[in-house]
>>> print(open('model-v1.cif').read())   # mmCIF, C-alpha atoms
data_entry
loop_
_atom_site.label_atom_id
_atom_site.label_comp_id
_atom_site.auth_asym_id
_atom_site.auth_seq_id
_atom_site.Cartn_x
_atom_site.Cartn_y
_atom_site.Cartn_z
CA MET A 125 0.00 0.00 0.00
CA GLN A 126 2.83 2.41 0.83
CA ALA A 127 4.27 2.15 -2.68
CA PHE A 128 0.83 2.59 -4.26
CA LEU A 129 0.02 5.72 -2.24
CA ALA A 130 3.47 7.16 -2.83
CA SER A 131 2.98 6.83 -6.60
CA HIS A 132 -0.51 8.39 -6.55
CA PRO A 133 -0.28 11.82 -4.83
CA LEU A 134 -3.97 12.67 -5.33
CA VAL A 135 -5.10 9.38 -3.78
CA LEU A 136 -2.71 9.94 -0.87
CA LEU A 137 -4.04 13.47 -0.31
CA CYS A 138 -7.63 12.18 -0.30
CA VAL A 139 -6.73 9.44 2.21
CA GLN A 140 -5.01 12.01 4.42
CA ALA A 141 -8.07 14.26 4.29
CA VAL A 142 -10.36 11.36 5.24
CA LEU A 143 -8.15 10.41 8.20
CA VAL A 144 -7.83 13.99 9.43
CA ILE A 145 -11.52 14.91 9.16
CA ALA A 146 -12.74 11.61 10.65
CA THR A 147 -10.30 11.78 13.57
CA SER A 148 -11.05 15.41 14.40
CA ARG A 149 -14.81 14.88 14.24
CA LEU A 150 -14.70 11.76 16.41
CA LEU A 151 -12.60 13.56 18.99
CA GLY A 152 -14.93 16.52 18.67
CA VAL A 153 -17.92 14.41 19.75
CA VAL A 154 -16.12 13.48 22.97
CA LEU A 155 -14.70 16.91 23.71
CA ARG A 156 -17.98 18.71 23.02
CA ARG A 157 -19.48 16.75 25.91
CA LEU A 158 -16.64 18.08 28.08
CA GLY A 159 -17.49 21.63 27.06
CA GLN A 160 -14.47 22.11 24.79
CA PRO A 161 -14.59 23.85 21.38
CA LEU A 162 -14.00 21.86 18.19
CA VAL A 163 -10.62 23.54 17.69
CA ILE A 164 -9.21 21.48 20.59
CA ALA A 165 -10.27 18.26 18.85
CA GLU A 166 -8.68 19.42 15.60
CA VAL A 167 -5.39 20.29 17.30
CA LEU A 168 -5.33 16.95 19.15
CA ALA A 169 -6.20 15.08 15.94
CA GLY A 170 -3.27 16.73 14.19
CA ILE A 171 -0.89 15.82 17.01
CA ALA A 172 -2.28 12.26 17.23
CA LEU A 173 -1.70 11.66 13.50
CA GLY A 174 1.84 12.98 13.70
CA PRO A 175 5.12 11.64 15.08
CA SER A 176 4.06 12.37 18.69
CA LEU A 177 1.50 9.52 18.77
CA LEU A 178 1.02 7.64 15.48
CA GLY A 179 4.76 7.73 14.83
CA LEU A 180 5.37 6.40 18.32
CA ILE A 181 2.82 3.59 18.04
CA SER A 182 3.49 2.60 14.44
CA PRO A 183 6.21 4.38 12.44
CA GLU A 184 5.19 2.23 9.45
CA LEU A 185 1.66 3.62 9.42
CA LEU A 186 2.99 7.18 9.72
CA ALA A 187 5.35 6.58 6.81
CA THR A 188 2.48 5.05 4.78
CA PHE A 189 -0.19 7.70 5.28
CA PHE A 190 1.94 10.78 6.01
CA PRO A 191 5.30 10.21 4.29
CA VAL A 192 7.82 13.02 4.36
CA SER A 193 7.55 13.33 0.58
CA SER A 194 3.87 14.31 0.90
CA LEU A 195 4.42 17.14 3.37
CA GLY A 196 5.13 19.65 0.61
CA THR A 197 1.72 19.09 -1.01
CA LEU A 198 -0.06 18.99 2.35
CA GLY A 199 1.69 22.20 3.38
CA VAL A 200 0.67 24.06 0.21
CA VAL A 201 -2.97 22.97 0.51
CA SER A 202 -3.06 23.90 4.21
CA GLN A 203 -1.51 27.31 3.48
CA LEU A 204 -4.15 27.97 0.81
CA GLY A 205 -6.78 26.97 3.35
CA LEU A 206 -5.27 29.41 5.84
CA VAL A 207 -5.44 32.24 3.30
CA PHE A 208 -9.18 31.68 2.94
CA PHE A 209 -9.65 31.17 6.68
CA MET A 210 -7.90 34.44 7.53
CA PHE A 211 -10.18 36.10 4.98
CA LEU A 212 -13.17 34.66 6.87
CA ILE A 213 -11.71 35.95 10.16
CA GLY A 214 -11.50 39.39 8.59
CA LEU A 215 -15.16 39.07 7.54
CA GLU A 216 -16.14 38.20 11.13
CA LEU A 217 -14.40 41.28 12.47
CA GLU A 218 -16.97 44.07 12.43
CA PRO A 219 -15.20 47.41 11.88
CA ALA A 220 -18.10 49.02 13.75
CA LEU A 221 -16.76 47.39 16.92
CA LEU A 222 -13.61 49.46 16.60
CA ARG A 223 -15.45 52.78 16.47
CA GLY A 224 -16.90 54.66 19.38
CA LEU A 225 -15.28 52.42 21.96
CA GLY A 226 -15.11 53.35 25.59
CA LYS A 227 -11.83 53.61 27.43
CA SER A 228 -12.47 50.23 29.05
CA ALA A 229 -12.26 48.10 25.87
CA LEU A 230 -9.29 50.03 24.53
CA ALA A 231 -7.36 49.84 27.81
CA ILE A 232 -8.05 46.13 28.30
CA SER A 233 -7.07 45.28 24.74
CA ASN A 234 -3.85 47.30 24.77
CA THR A 235 -2.79 45.99 28.17
CA SER A 236 -3.53 42.39 27.19
CA ILE A 237 -1.17 42.88 24.25
CA ALA A 238 1.55 44.96 25.92
CA LEU A 239 2.06 42.93 29.11
CA PRO A 240 2.35 39.45 27.54
CA PHE A 241 4.53 40.94 24.79
CA ALA A 242 6.89 42.40 27.39
CA LEU A 243 6.95 39.22 29.47
CA GLY A 244 7.43 37.04 26.38
CA ALA A 245 10.24 39.25 25.10
CA GLY A 246 11.91 39.22 28.52
CA ALA A 247 11.63 35.44 28.73
CA ALA A 248 13.05 35.16 25.22
CA VAL A 249 16.18 37.13 26.18
CA TRP A 250 16.75 34.75 29.09
CA LEU A 251 15.90 31.58 27.13
CA ALA A 252 17.66 32.44 23.86
CA PRO A 253 20.97 30.71 24.79
CA THR A 254 18.99 27.51 25.54
CA LEU A 255 16.17 27.51 22.98
CA SER A 256 17.52 29.56 20.06
CA THR A 257 20.49 29.10 17.73
CA PRO A 258 23.35 31.47 16.81
CA SER A 259 21.99 31.71 13.24
CA VAL A 260 18.83 33.44 14.49
CA PRO A 261 19.32 37.12 15.42
CA LEU A 262 18.40 37.75 19.05
CA ALA A 263 16.09 40.64 18.09
CA SER A 264 14.08 38.37 15.76
CA PHE A 265 13.69 35.65 18.40
CA VAL A 266 12.74 38.16 21.11
CA LEU A 267 10.21 40.03 18.97
CA PHE A 268 8.61 36.87 17.66
CA LEU A 269 8.21 35.23 21.07
CA GLY A 270 6.70 38.48 22.35
CA VAL A 271 4.11 38.48 19.57
CA ALA A 272 3.38 34.76 20.03
CA MET A 273 2.56 35.40 23.70
CA SER A 274 0.20 38.27 22.80
CA ILE A 275 -2.26 36.41 20.56
CA THR A 276 -5.94 35.93 21.38
CA ALA A 277 -8.01 33.52 19.27
CA PHE A 278 -10.84 35.87 18.29
CA PRO A 279 -12.95 33.21 16.45
CA VAL A 280 -12.56 30.63 19.25
CA LEU A 281 -13.45 33.22 21.88
CA ALA A 282 -16.56 34.27 19.93
CA ARG A 283 -17.68 30.65 19.55
CA ILE A 284 -17.21 29.92 23.27
CA LEU A 285 -19.27 32.99 24.16
CA SER A 286 -21.97 31.97 21.68
CA GLU A 287 -22.14 28.41 23.04
CA ARG A 288 -22.37 29.76 26.60
CA GLY A 289 -25.11 32.23 25.69
CA LEU A 290 -22.88 35.16 26.65
CA ILE A 291 -22.32 36.73 23.25
CA HIS A 292 -24.98 39.43 23.76
CA THR A 293 -24.30 40.10 27.44
CA PRO A 294 -22.30 43.18 28.50
CA ILE A 295 -19.30 41.08 29.49
CA GLY A 296 -19.49 39.08 26.26
CA ALA A 297 -19.69 42.21 24.13
CA LEU A 298 -16.72 43.69 26.00
CA ALA A 299 -14.62 40.53 25.52
CA VAL A 300 -15.45 40.29 21.80
CA THR A 301 -14.61 43.95 21.28
CA CYS A 302 -11.31 43.63 23.15
CA ALA A 303 -10.41 40.51 21.18
CA ALA A 304 -11.24 42.24 17.89
CA ILE A 305 -8.97 45.18 18.69
CA GLY A 306 -6.31 42.78 19.93
CA ASP A 307 -6.50 40.77 16.72
CA VAL A 308 -5.83 43.84 14.60
CA THR A 309 -3.01 45.01 16.88
CA ALA A 310 -1.38 41.58 17.08
CA TRP A 311 -1.47 41.12 13.31
CA CYS A 312 0.08 44.55 12.79
CA LEU A 313 2.83 43.58 15.27
CA LEU A 314 3.32 40.27 13.47
CA ALA A 315 3.55 42.11 10.16
CA PHE A 316 6.32 44.31 11.56
CA VAL A 317 8.18 41.38 13.14
CA SER A 318 7.96 39.42 9.87
CA ALA A 319 9.38 42.44 8.10
CA VAL A 320 12.28 42.59 10.58
CA VAL A 321 12.99 38.86 10.16
CA ARG A 322 12.82 38.87 6.36
CA SER A 323 14.76 42.10 5.82
CA SER A 324 18.52 42.31 5.75
CA GLY A 325 18.60 45.10 8.30
CA LEU A 326 16.55 47.55 10.31
CA GLY A 327 16.41 49.91 7.32
CA GLY A 328 14.85 47.18 5.22
CA ALA A 329 12.38 46.45 8.01
CA TRP A 330 11.25 50.07 8.17
CA LEU A 331 10.90 50.12 4.38
CA THR A 332 8.68 47.03 4.56
CA ALA A 333 6.69 48.60 7.40
CA GLY A 334 6.26 51.77 5.34
CA LEU A 335 5.07 49.81 2.30
CA SER A 336 2.68 47.90 4.56
CA GLY A 337 1.27 51.20 5.79
CA LEU A 338 0.76 52.37 2.21
CA TYR A 339 -0.92 49.08 1.38
CA CYS A 340 -3.33 49.40 4.33
CA ALA A 341 -4.11 53.02 3.48
CA ALA A 342 -4.76 52.17 -0.18
CA MET A 343 -7.00 49.26 0.77
CA TRP A 344 -8.97 51.26 3.33
CA PHE A 345 -9.36 54.58 1.54
CA ILE A 346 -9.43 53.47 -2.13
CA ALA A 347 -10.35 49.77 -2.43
CA ARG A 348 -13.01 49.78 0.31
CA PRO A 349 -15.14 52.62 -1.17
CA LEU A 350 -14.80 51.15 -4.66
CA LEU A 351 -15.96 47.75 -3.40
CA ALA A 352 -18.89 49.37 -1.58
CA ARG A 353 -19.97 51.12 -4.79
CA LEU A 354 -19.59 47.91 -6.81
CA VAL A 355 -21.68 45.97 -4.29
CA ARG A 356 -24.49 48.51 -4.48
CA GLN A 357 -24.53 48.22 -8.26
CA ARG A 358 -24.12 44.46 -8.64
CA THR A 359 -26.20 42.86 -5.89
CA ASP A 360 -29.93 42.35 -5.81
CA ARG A 361 -32.51 40.42 -3.82
CA ARG A 362 -31.27 37.11 -5.19
CA GLY A 363 -27.94 37.68 -3.45
CA ILE A 364 -24.45 37.68 -4.89
CA SER A 365 -23.69 35.98 -8.19
CA GLN A 366 -20.94 33.49 -8.98
CA ARG A 367 -19.27 36.22 -11.01
CA MET A 368 -19.10 38.41 -7.90
CA VAL A 369 -17.71 35.52 -5.85
CA ALA A 370 -15.05 34.84 -8.49
CA PHE A 371 -14.15 38.53 -8.68
CA THR A 372 -13.82 38.73 -4.89
CA VAL A 373 -11.67 35.59 -4.72
CA VAL A 374 -9.33 37.03 -7.37
CA LEU A 375 -8.99 40.26 -5.37
CA LEU A 376 -8.40 38.23 -2.20
CA LEU A 377 -5.54 36.30 -3.79
CA LEU A 378 -4.06 39.50 -5.24
CA SER A 379 -4.19 41.11 -1.80
CA ALA A 380 -2.42 38.08 -0.29
CA LEU A 381 0.20 38.21 -3.06
CA ALA A 382 0.73 41.94 -2.47
CA THR A 383 1.58 41.56 1.21
CA GLU A 384 3.76 38.54 0.46
CA ALA A 385 5.66 40.62 -2.13
CA ILE A 386 6.01 43.49 0.35
CA GLY A 387 7.72 41.07 2.74
CA VAL A 388 5.06 40.67 5.43
CA HIS A 389 2.99 37.51 4.86
CA ALA A 390 0.20 36.48 2.53
CA LEU A 391 -2.08 35.80 5.50
CA PHE A 392 -2.04 39.45 6.54
CA GLY A 393 -3.25 40.48 3.09
CA ALA A 394 -6.06 37.92 3.23
CA PHE A 395 -7.10 39.05 6.71
CA PHE A 396 -7.10 42.76 5.87
CA PHE A 397 -9.04 42.20 2.66
CA GLY A 398 -11.72 40.46 4.71
CA VAL A 399 -11.85 43.48 7.04
CA ILE A 400 -12.54 45.94 4.21
CA ILE A 401 -15.30 43.89 2.52
CA PRO A 402 -18.54 45.96 2.72
CA ARG A 403 -21.07 44.61 5.20
CA GLU A 404 -23.93 46.25 3.31
CA GLY A 405 -25.55 44.56 0.34
CA GLY A 406 -25.10 41.03 1.63
CA LEU A 407 -21.63 40.49 0.12
CA ALA A 408 -19.89 39.62 3.40
CA HIS A 409 -22.72 37.34 4.48
CA GLY A 410 -22.92 35.67 1.07
CA LEU A 411 -19.17 35.04 0.91
CA ARG A 412 -19.19 33.57 4.40
CA GLU A 413 -22.07 31.26 3.44
CA ARG A 414 -20.34 30.11 0.26
CA LEU A 415 -16.85 29.56 1.70
CA GLU A 416 -17.10 28.78 5.41
CA ASP A 417 -18.15 25.12 5.38
CA PHE A 418 -15.62 24.11 2.72
CA VAL A 419 -12.76 25.94 4.44
CA VAL A 420 -13.61 24.93 8.02
CA VAL A 421 -14.56 21.31 7.33
CA LEU A 422 -11.85 20.38 4.81
CA LEU A 423 -8.99 22.86 4.49
CA LEU A 424 -8.59 23.92 8.11
CA PRO A 425 -8.25 20.38 9.52
CA LEU A 426 -5.49 19.80 6.96
CA PHE A 427 -3.66 22.76 8.48
CA PHE A 428 -4.00 21.17 11.92
CA ALA A 429 -2.69 17.89 10.52
CA PHE A 430 0.27 19.72 9.00
CA SER A 431 0.92 21.47 12.34
CA GLY A 432 0.61 18.13 14.15
CA LEU A 433 3.17 16.54 11.85
CA ARG A 434 5.55 19.35 12.81
CA THR A 435 4.84 18.96 16.54
CA GLN A 436 7.27 16.48 18.04
CA VAL A 437 6.52 15.99 21.72
CA GLY A 438 9.44 13.55 21.81
CA LEU A 439 11.79 16.53 21.51
CA LEU A 440 10.88 17.40 25.10
CA ASP A 441 12.98 14.50 26.33
CA SER A 442 14.05 15.78 29.72
CA SER A 443 12.59 17.26 32.88
CA GLY A 444 14.39 20.50 32.04
CA ALA A 445 12.65 20.75 28.66
CA TRP A 446 9.25 20.15 30.25
CA ALA A 447 10.07 22.73 32.92
CA LEU A 448 10.83 25.29 30.21
CA CYS A 449 7.55 24.38 28.50
CA GLY A 450 5.72 24.93 31.79
CA LEU A 451 7.53 28.23 32.26
CA LEU A 452 6.48 29.48 28.83
CA THR A 453 2.87 28.48 29.59
CA LEU A 454 3.01 30.27 32.94
CA VAL A 455 4.41 33.43 31.35
CA ALA A 456 1.67 33.31 28.70
CA VAL A 457 -1.12 32.92 31.28
CA VAL A 458 0.24 35.56 33.68
CA GLY A 459 0.71 38.06 30.87
CA LYS A 460 -2.61 37.62 29.11
CA PHE A 461 -4.92 36.76 32.00
CA GLY A 462 -3.19 39.10 34.43
CA GLY A 463 -3.00 42.05 32.06
CA ALA A 464 -6.63 41.81 30.92
CA THR A 465 -7.97 41.18 34.44
CA VAL A 466 -6.15 44.10 36.08
CA ALA A 467 -7.00 46.46 33.21
CA ALA A 468 -10.68 45.47 33.38
CA ARG A 469 -10.75 46.02 37.13
CA LEU A 470 -9.09 49.42 36.85
CA THR A 471 -11.68 50.49 34.26
CA GLY A 472 -14.61 49.79 36.59
CA GLN A 473 -15.50 46.12 36.11
CA THR A 474 -16.16 43.87 39.11
CA TRP A 475 -13.47 41.37 40.04
CA ARG A 476 -15.58 38.49 38.76
CA ASP A 477 -16.27 40.16 35.42
CA SER A 478 -12.63 41.21 35.20
CA MET A 479 -11.50 37.61 35.69
CA SER A 480 -14.02 36.45 33.07
CA VAL A 481 -12.53 38.89 30.56
CA GLY A 482 -9.03 37.74 31.52
CA VAL A 483 -9.89 34.07 31.03
CA LEU A 484 -11.48 34.75 27.65
CA MET A 485 -8.58 36.90 26.42
CA ASN A 486 -6.20 34.08 27.40
CA THR A 487 -7.75 31.86 24.70
CA ARG A 488 -5.20 31.23 21.96
CA GLY A 489 -6.23 28.20 19.92
CA LEU A 490 -5.95 28.36 16.16
CA MET A 491 -4.48 31.86 15.87
CA GLU A 492 -1.47 30.82 17.93
CA LEU A 493 -0.84 27.88 15.59
CA VAL A 494 -0.97 30.22 12.59
CA VAL A 495 1.65 32.49 14.16
CA LEU A 496 3.84 29.56 15.24
CA ASN A 497 3.82 28.03 11.76
CA ILE A 498 4.91 31.38 10.34
CA GLY A 499 7.76 31.48 12.86
CA LEU A 500 8.84 27.94 12.02
CA ASP A 501 8.70 28.63 8.27
CA LEU A 502 10.79 31.78 8.74
CA GLY A 503 13.33 29.85 10.80
CA VAL A 504 12.90 32.10 13.84
CA ILE A 505 11.92 29.26 16.18
CA SER A 506 13.17 25.70 16.32
CA PRO A 507 10.97 22.56 16.22
CA THR A 508 11.48 22.28 19.99
CA VAL A 509 10.18 25.79 20.67
CA PHE A 510 7.37 25.18 18.18
CA THR A 511 6.31 22.08 20.14
CA MET A 512 6.46 23.93 23.48
CA MET A 513 4.34 26.78 22.16
CA VAL A 514 1.80 24.42 20.56
CA LEU A 515 1.34 22.75 23.96
CA MET A 516 1.01 26.19 25.56
CA ALA A 517 -1.71 27.12 23.04
CA LEU A 518 -3.51 23.86 23.77
CA VAL A 519 -3.40 24.34 27.55
CA THR A 520 -4.55 27.97 27.49
CA THR A 521 -7.45 27.12 25.18
CA VAL A 522 -8.53 24.06 27.21
CA MET A 523 -8.58 26.25 30.34
CA THR A 524 -11.11 28.70 28.96
CA SER A 525 -14.44 26.83 28.89
CA PRO A 526 -14.24 25.25 32.37
CA LEU A 527 -13.05 28.49 33.99
CA VAL A 528 -15.80 30.53 32.32
CA ALA A 529 -18.36 27.93 33.41
CA TRP A 530 -17.02 28.03 36.98
CA LEU A 531 -17.16 31.82 37.12
CA GLN A 532 -20.72 31.77 35.74
CA ARG A 533 -21.75 29.17 38.31
CA ARG A 534 -20.24 31.14 41.18
CA GLU A 535 -21.97 34.29 39.99
CA GLY A 536 -25.30 32.43 39.82
CA GLU A 537 -24.81 31.06 43.33
CA GLU A 538 -24.06 34.55 44.68
CA LEU A 539 -27.11 36.05 42.97
CA ARG A 540 -29.34 33.30 44.40
CA ALA A 541 -27.88 33.83 47.87
CA GLN A 542 -28.48 37.58 47.64
CA ALA A 543 -32.05 36.99 46.50
CA ALA A 544 -32.66 34.57 49.37
CA ALA A 545 -31.22 37.06 51.87
CA ALA A 546 -33.45 39.81 50.51
CA ARG A 547 -36.55 37.61 50.93
CA ALA A 548 -35.63 36.62 54.48
CA PRO A 549 -37.61 38.47 57.24
#
>>> encode(input="model-v1.cif", output="structure tokens")
Amino acid sequence: MQAFLASHPLVLLCVQAVLVIATSRLLGVVLRRLGQPLVIAEVLAGIALGPSLLGLISPELLATFFPVSSLGTLGVVSQLGLVFFMFLIGLELEPALLRGLGKSALAISNTSIALPFALGAGAAVWLAPTLSTPSVPLASFVLFLGVAMSITAFPVLARILSERGLIHTPIGALAVTCAAIGDVTAWCLLAFVSAVVRSSGLGGAWLTAGLSGLYCAAMWFIARPLLARLVRQRTDRRGISQRMVAFTVVLLLLSALATEAIGVHALFGAFFFGVIIPREGGLAHGLRERLEDFVVVLLLPLFFAFSGLRTQVGLLDSSGAWALCGLLTLVAVVGKFGGATVAARLTGQTWRDSMSVGVLMNTRGLMELVVLNIGLDLGVISPTVFTMMVLMALVTTVMTSPLVAWLQRREGEELRAQAAAARAP
């Protein structure tokens, strides 16, 4: 079978897709009952099908179904899936959320980016002799680890709030708004860090940053109004046409190519193009309807499989390595949870609501894996650091649902106790 699959790349890709989707959905059934989002099942499925589990149990099966020679094709397909997924994330981000914000959302978002960035950068300086290599400039390693610590998984957070019935509550609206601002800020930081890593010097990095600024300005002030006018002219009650979908997909790919050519990353171009799509006229809704199921059900799990194949838990082969992994996780939690909680409290939220916001902002999930894969592709982090950070992303995401449920339950108990005390003679 191994020889047959190796000589038929399309058949092999189809078999890989079947294994990945089936495994993630089966795990999803179990984890849903434990209150965990589907993204946890997809991450675990990717790790299980990689060298960390399948390779440990049966290296022959790993070599048969996920041979090294197939990783190039799987990587390209998963990257294309990520381009479309980041476009969908941009569509989910309502620009209206970023206007007319109170000081609370802005302060929480900025603090939940700044503190973990500072802690991550500080930890990177200390850990660089152990976890980095001389070929990687210290500034690149420090900046990248700072950004990786600052990420919040906006789509995962929104889905957790929706499942918990909190999406339209004041605390849910605050958390979603903070995560939306944080997403934009973190991606701008990642764009700058990518520019620093890819450029030959600081001058080249500033040139890339300047070109990125021009790109964003052109997209926001020129492309966005033109798209809005086109949507008004081309849409009707029947919704968007296939021609409009094709035109939008072409523009999406051109936007991704533009940021890749600038020296940032194609994913940033896809994300920003999603942000500028007009919400009026049904274009954003129609595109989401047409693309979401295909991207989320097929292409995204392939990305998790590709990430899982790059995650080698066996590299953490000593108590010292696991201690460093625990330290990175602790730094990530203290920075994100601590920064968001304290900022929320200082802006007038109760301690319980502040902790709820902190827990939600600490969700990393998929977005962390996207950033980590970029870092591994750029050569900024090693496979060992990649594995540590994947485990950190998994732990911080798993924490979210049970902690939010516990805080909700405690709040309900307190409200019932207050009501009982008020009724007492």
>>> residues_around(input="model-v1.cif", residues="A:Gly503", least_positions_apart="5", cutoff="12 Å", atoms="only C-alpha atoms", output="VMD selection string")
chain A and resid 256 to 261 264 to 265 268 318 321 to 322 496 to 498 509 to 510
>>> write_last_selection(input="model-v1.cif", atoms="C-alpha atoms", output="short mmCIF file (atom, residue, chain, number, x, y, z; two decimals), in the coordinates of the input")
data_model
loop_
_atom_site.label_atom_id
_atom_site.label_comp_id
_atom_site.auth_asym_id
_atom_site.auth_seq_id
_atom_site.Cartn_x
_atom_site.Cartn_y
_atom_site.Cartn_z
CA SER A 256 17.52 29.56 20.06
CA THR A 257 20.49 29.10 17.73
CA PRO A 258 23.35 31.47 16.81
CA SER A 259 21.99 31.71 13.24
CA VAL A 260 18.83 33.44 14.49
CA PRO A 261 19.32 37.12 15.42
CA SER A 264 14.08 38.37 15.76
CA PHE A 265 13.69 35.65 18.40
CA PHE A 268 8.61 36.87 17.66
CA SER A 318 7.96 39.42 9.87
CA VAL A 321 12.99 38.86 10.16
CA ARG A 322 12.82 38.87 6.36
CA LEU A 496 3.84 29.56 15.24
CA ASN A 497 3.82 28.03 11.76
CA ILE A 498 4.91 31.38 10.34
CA VAL A 509 10.18 25.79 20.67
CA PHE A 510 7.37 25.18 18.18
#
>>> resolve_selection(input="model-v1.cif", expression="the PyMOL selection byres ((chain A and resi 490) around 10)", output="PyMOL selection string")
chain A and resi 163-164+166-167+275-280+424+427-428+487-489+491-496+514+517-518+521
>>> closest_residue(input="model-v1.cif", among="A:Ser228, A:Gly270, A:Val139, A:Gln160", to="A:Ala245", atoms="only C-alpha atoms")
A:Gly270
>>> closest_residue(input="model-v1.cif", among="A:Arg348, A:Thr254, A:Leu411, A:Val399", to="A:Thr372", atoms="all atoms listed in the file")
A:Leu411
>>> residues_around(input="model-v1.cif", residues="A:Thr453", least_positions_apart="6", cutoff="10 Å", atoms="all atoms listed in the file", output="PyMOL selection string")
chain A and resi 273+447+459+512-520
>>> closest_residue(input="model-v1.cif", among="A:Gln532, A:Thr332, A:Thr435, A:Ser365", to="A:Gly387", atoms="all atoms listed in the file")
A:Thr332
>>> resolve_selection(input="model-v1.cif", expression="the PyMOL selection byres ((chain A and resi 434) around 9)", output="list in words")
Ile171, Gly174, Pro175, Ala429, Phe430, Ser431, Gly432, Leu433, Thr435, Gln436, Asn497, Pro507, Phe510 and Thr511 of chain A
>>> write_last_selection(input="model-v1.cif", atoms="C-alpha atoms", output="short mmCIF file (atom, residue, chain, number, x, y, z; two decimals), in the coordinates of the input")
data_model
loop_
_atom_site.label_atom_id
_atom_site.label_comp_id
_atom_site.auth_asym_id
_atom_site.auth_seq_id
_atom_site.Cartn_x
_atom_site.Cartn_y
_atom_site.Cartn_z
CA ILE A 171 -0.89 15.82 17.01
CA GLY A 174 1.84 12.98 13.70
CA PRO A 175 5.12 11.64 15.08
CA ALA A 429 -2.69 17.89 10.52
CA PHE A 430 0.27 19.72 9.00
CA SER A 431 0.92 21.47 12.34
CA GLY A 432 0.61 18.13 14.15
CA LEU A 433 3.17 16.54 11.85
CA THR A 435 4.84 18.96 16.54
CA GLN A 436 7.27 16.48 18.04
CA ASN A 497 3.82 28.03 11.76
CA PRO A 507 10.97 22.56 16.22
CA PHE A 510 7.37 25.18 18.18
CA THR A 511 6.31 22.08 20.14
#
>>> residues_around(input="model-v1.cif", residues="A:Ile386", least_positions_apart="2", cutoff="12 Å", atoms="all atoms listed in the file", output="JSON, numbers by chain")
{"A": [315, 316, 318, 319, 322, 323, 328, 329, 330, 331, 332, 333, 334, 335, 336, 337, 338, 339, 340, 379, 380, 381, 382, 383, 384, 388, 389, 390, 392, 393]}
>>> write_last_selection(input="model-v1.cif", atoms="C-alpha atoms", output="PDB file, in the coordinates of the input")
ATOM      1  CA  ALA A 315       3.550  42.110  10.160  1.00  0.00           C
ATOM      2  CA  PHE A 316       6.320  44.310  11.560  1.00  0.00           C
ATOM      3  CA  SER A 318       7.960  39.420   9.870  1.00  0.00           C
ATOM      4  CA  ALA A 319       9.380  42.440   8.100  1.00  0.00           C
ATOM      5  CA  ARG A 322      12.820  38.870   6.360  1.00  0.00           C
ATOM      6  CA  SER A 323      14.760  42.100   5.820  1.00  0.00           C
ATOM      7  CA  GLY A 328      14.850  47.180   5.220  1.00  0.00           C
ATOM      8  CA  ALA A 329      12.380  46.450   8.010  1.00  0.00           C
ATOM      9  CA  TRP A 330      11.250  50.070   8.170  1.00  0.00           C
ATOM     10  CA  LEU A 331      10.900  50.120   4.380  1.00  0.00           C
ATOM     11  CA  THR A 332       8.680  47.030   4.560  1.00  0.00           C
ATOM     12  CA  ALA A 333       6.690  48.600   7.400  1.00  0.00           C
ATOM     13  CA  GLY A 334       6.260  51.770   5.340  1.00  0.00           C
ATOM     14  CA  LEU A 335       5.070  49.810   2.300  1.00  0.00           C
ATOM     15  CA  SER A 336       2.680  47.900   4.560  1.00  0.00           C
ATOM     16  CA  GLY A 337       1.270  51.200   5.790  1.00  0.00           C
ATOM     17  CA  LEU A 338       0.760  52.370   2.210  1.00  0.00           C
ATOM     18  CA  TYR A 339      -0.920  49.080   1.380  1.00  0.00           C
ATOM     19  CA  CYS A 340      -3.330  49.400   4.330  1.00  0.00           C
ATOM     20  CA  SER A 379      -4.190  41.110  -1.800  1.00  0.00           C
ATOM     21  CA  ALA A 380      -2.420  38.080  -0.290  1.00  0.00           C
ATOM     22  CA  LEU A 381       0.200  38.210  -3.060  1.00  0.00           C
ATOM     23  CA  ALA A 382       0.730  41.940  -2.470  1.00  0.00           C
ATOM     24  CA  THR A 383       1.580  41.560   1.210  1.00  0.00           C
ATOM     25  CA  GLU A 384       3.760  38.540   0.460  1.00  0.00           C
ATOM     26  CA  VAL A 388       5.060  40.670   5.430  1.00  0.00           C
ATOM     27  CA  HIS A 389       2.990  37.510   4.860  1.00  0.00           C
ATOM     28  CA  ALA A 390       0.200  36.480   2.530  1.00  0.00           C
ATOM     29  CA  PHE A 392      -2.040  39.450   6.540  1.00  0.00           C
ATOM     30  CA  GLY A 393      -3.250  40.480   3.090  1.00  0.00           C
TER      31      GLY A 393
END
>>> closest_residue(input="model-v1.cif", among="A:Ala172, A:Leu452, A:Ala272, A:Val300", to="A:Leu285", atoms="all atoms listed in the file")
A:Val300
>>> atom_distance(input="model-v1.cif", atom1="atom CA of A:Ser506", atom2="atom CA of A:Gly214")
29.3 Å
>>> atom_distance(input="model-v1.cif", atom1="atom CA of A:Cys302", atom2="atom CA of A:Val504")
28.4 Å
